[in-house]
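Novice: Have a look at the structure that comes next, please.
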Amino acid sequence: QWPVAGWYANFNVLPSLVRPDEAEAMKRILEQVPDDFDEDRDGVDKMITYEFIIMSAGAVKATDPHREDLRKRLWVITQPIIAERIAPFVHMRYPKAGAVCHAMIRRYLDRERRTHNTHWDIPSFVSVVVSLDAAGREFSGGFFVTTGTGLNTFIPLQQGDTVIHQSDLLHGVHVQRGNRWSLAMWFQDSGDCNSQPADWWVEEAEQGDPVAQTLRAMR
């Protein structure tokens with residue numbers, strides 16, 4: 001809960017939604033090609049992204065030919081997970097949610113990126129984060145939630161645990177020890193990935209809620 005606005009940002013944790021063999025298979029594919037991760041700058045904190053985009057509506061780097069085989073191999077693993085486990089829950093929990101319009105794997109390795117500063121997922125109607133490693137075993141820290149007060153609450157995700165939330169959840173990543181890999185995806189509220197994010201949270205913003213107003217202004 002936000003201390004001033006009275007806004008509640010909800011999230012769900014689904015334990016063991018992805019099997020260990022599936023998580024390890026995703027990592028194994030990309031561990032063999034470390035130089036094929038994107039190294040552009042993140043829009044949140046200008047850090048190098050170290051991400052691999054599996055699919056994305058409109059993103060040029062999701063269609064480059066030299067990584068097409070890798071994307072296909074990852075899609076064989078992730079597509080059934082999305083269709084059979086993730087999407088049914090998302091559509092039940094958030095009936096206005098549409099299609100997955102962006103899916104990627106991010107790595108947080110020693111001597112590379114260790115943080116993803118506090119942020120909202122501005123392009124996302126519903127966000128999904130799957131931990132491909134286990135907190136307390138492969139890494140310490142990891143995914144956290146916050147209300148912007150500087151106090152972060154870490155969610156000790158185990159391998160295959162999945163966080164599902166909307167874009168009003170202020171969150172981030174801080175890997176304090178070890179290495180962390182995650183699968184992340186963004187749903188929009190349309191089936192064709194042509195949503196208008198500026199129209200999200202309209203009613204709440206017009207009622208004067210500062211979080212909703214901030215989200216609309218950032219879009």
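Residues are referred to by chain and number: the chain letter is A, B, ... according to the order shown in the structure tokens, the number counts from 1 in that chain, and ligands are numbered separately from 1 in the order shown.
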Segment 87-103 of chain A: which residues within 12 Å, counting only C-alpha atoms, same-chain residues fewer than 2 positions away excluded, as a PyMOL selection string?
Specialist: chain A and resi 10-14+17+51-59+61-62+71+74-75+78-85+105-106+121+123-130+162-166+182-195+200
Novice: Which residues are near segment 168-177 of chain A? Cut-off 9 Å, only C-alpha atoms, ignore same chain within fewer than 3 positions. Put them as a PyMOL selection string.
Specialist: chain A and resi 8-11+108-110+113-122+138-148+152+154+165+180+211-212+215
Novice: With only C-alpha atoms as the counted atoms, please give the residues lying no more than 9 Å from Ala198 of chain A, apart from itself and same-chain residues fewer than 5 positions off, as a PyMOL selection string.
Specialist: chain A and resi 215-219
Novice: According to DSSP computed on the backbone, where in segment 35-208 of chain A is there strand (DSSP E or B)? Give the residues as a ChimeraX atom specification.
Specialist: /A:38,41,48,51-56,100-108,115-119,126-131,135,139-145,153-154,162-166,171-178,180-187
Novice: Report, in Å with one decimal, the straight-line distance from atom CA of Gly160 of chain A to atom CA of Arg137 of chain A.
Specialist: 13.4 Å
Novice: State, in Å with one decimal place, the distance from atom CA of Ile29 of chain A to atom CA of Leu157 of chain A.
Specialist: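 Computed distance, atom CA of Ile29 of chain A to atom CA of Leu157 of chain A, equals 22.0 Å.
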Novice: When distances are computed from only C-alpha atoms, which of A:Val76, A:Ile48, A:Ala134, A:Val202 shows the smallest separation from Pro15 of chain A?
Specialist: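 Of A:Val76, A:Ile48, A:Ala134, A:Val202, the one nearest Pro15 of chain A, counting only C-alpha atoms, is A:Ala134.
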Novice: So which one's closest to Arg111 of chain A, A:Tyr50, A:Lys72, A:Gln207, A:Gln159? Using only C-alpha atoms, please.
Specialist: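 The closest residue to Arg111 of chain A is A:Tyr50.
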Novice: Determine which residues of segment 7-218 of chain A DSSP labels as alpha helix (DSSP H) from the backbone of this structure, then write them out as JSON, numbers by chain.
Specialist: {"A": [20, 21, 22, 23, 24, 25, 26, 27, 28, 29, 30, 31, 68, 69, 70, 71, 72, 73, 74, 75, 76, 77, 78, 79, 80, 81, 87, 88, 89, 90, 91, 92, 93, 202, 203, 204, 205, 206, 210, 211, 212, 213, 214, 215, 216, 217, 218]}
Novice: Given the choices A:Asp161, A:Asp133, A:Asp69, A:Glu112, which gets closest to Glu39 of chain A if the distance is worked out from only C-alpha atoms?
Specialist: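 Ranked by minimum distance to Glu39 of chain A, first place goes to A:Glu112.
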Novice: Measuring between only C-alpha atoms, which one of A:Val44, A:Ile86, A:Arg107, A:Gln32 shows the shortest distance to Leu70 of chain A?
Specialist: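 Among the listed residues, A:Gln32 lies closest to Leu70 of chain A.
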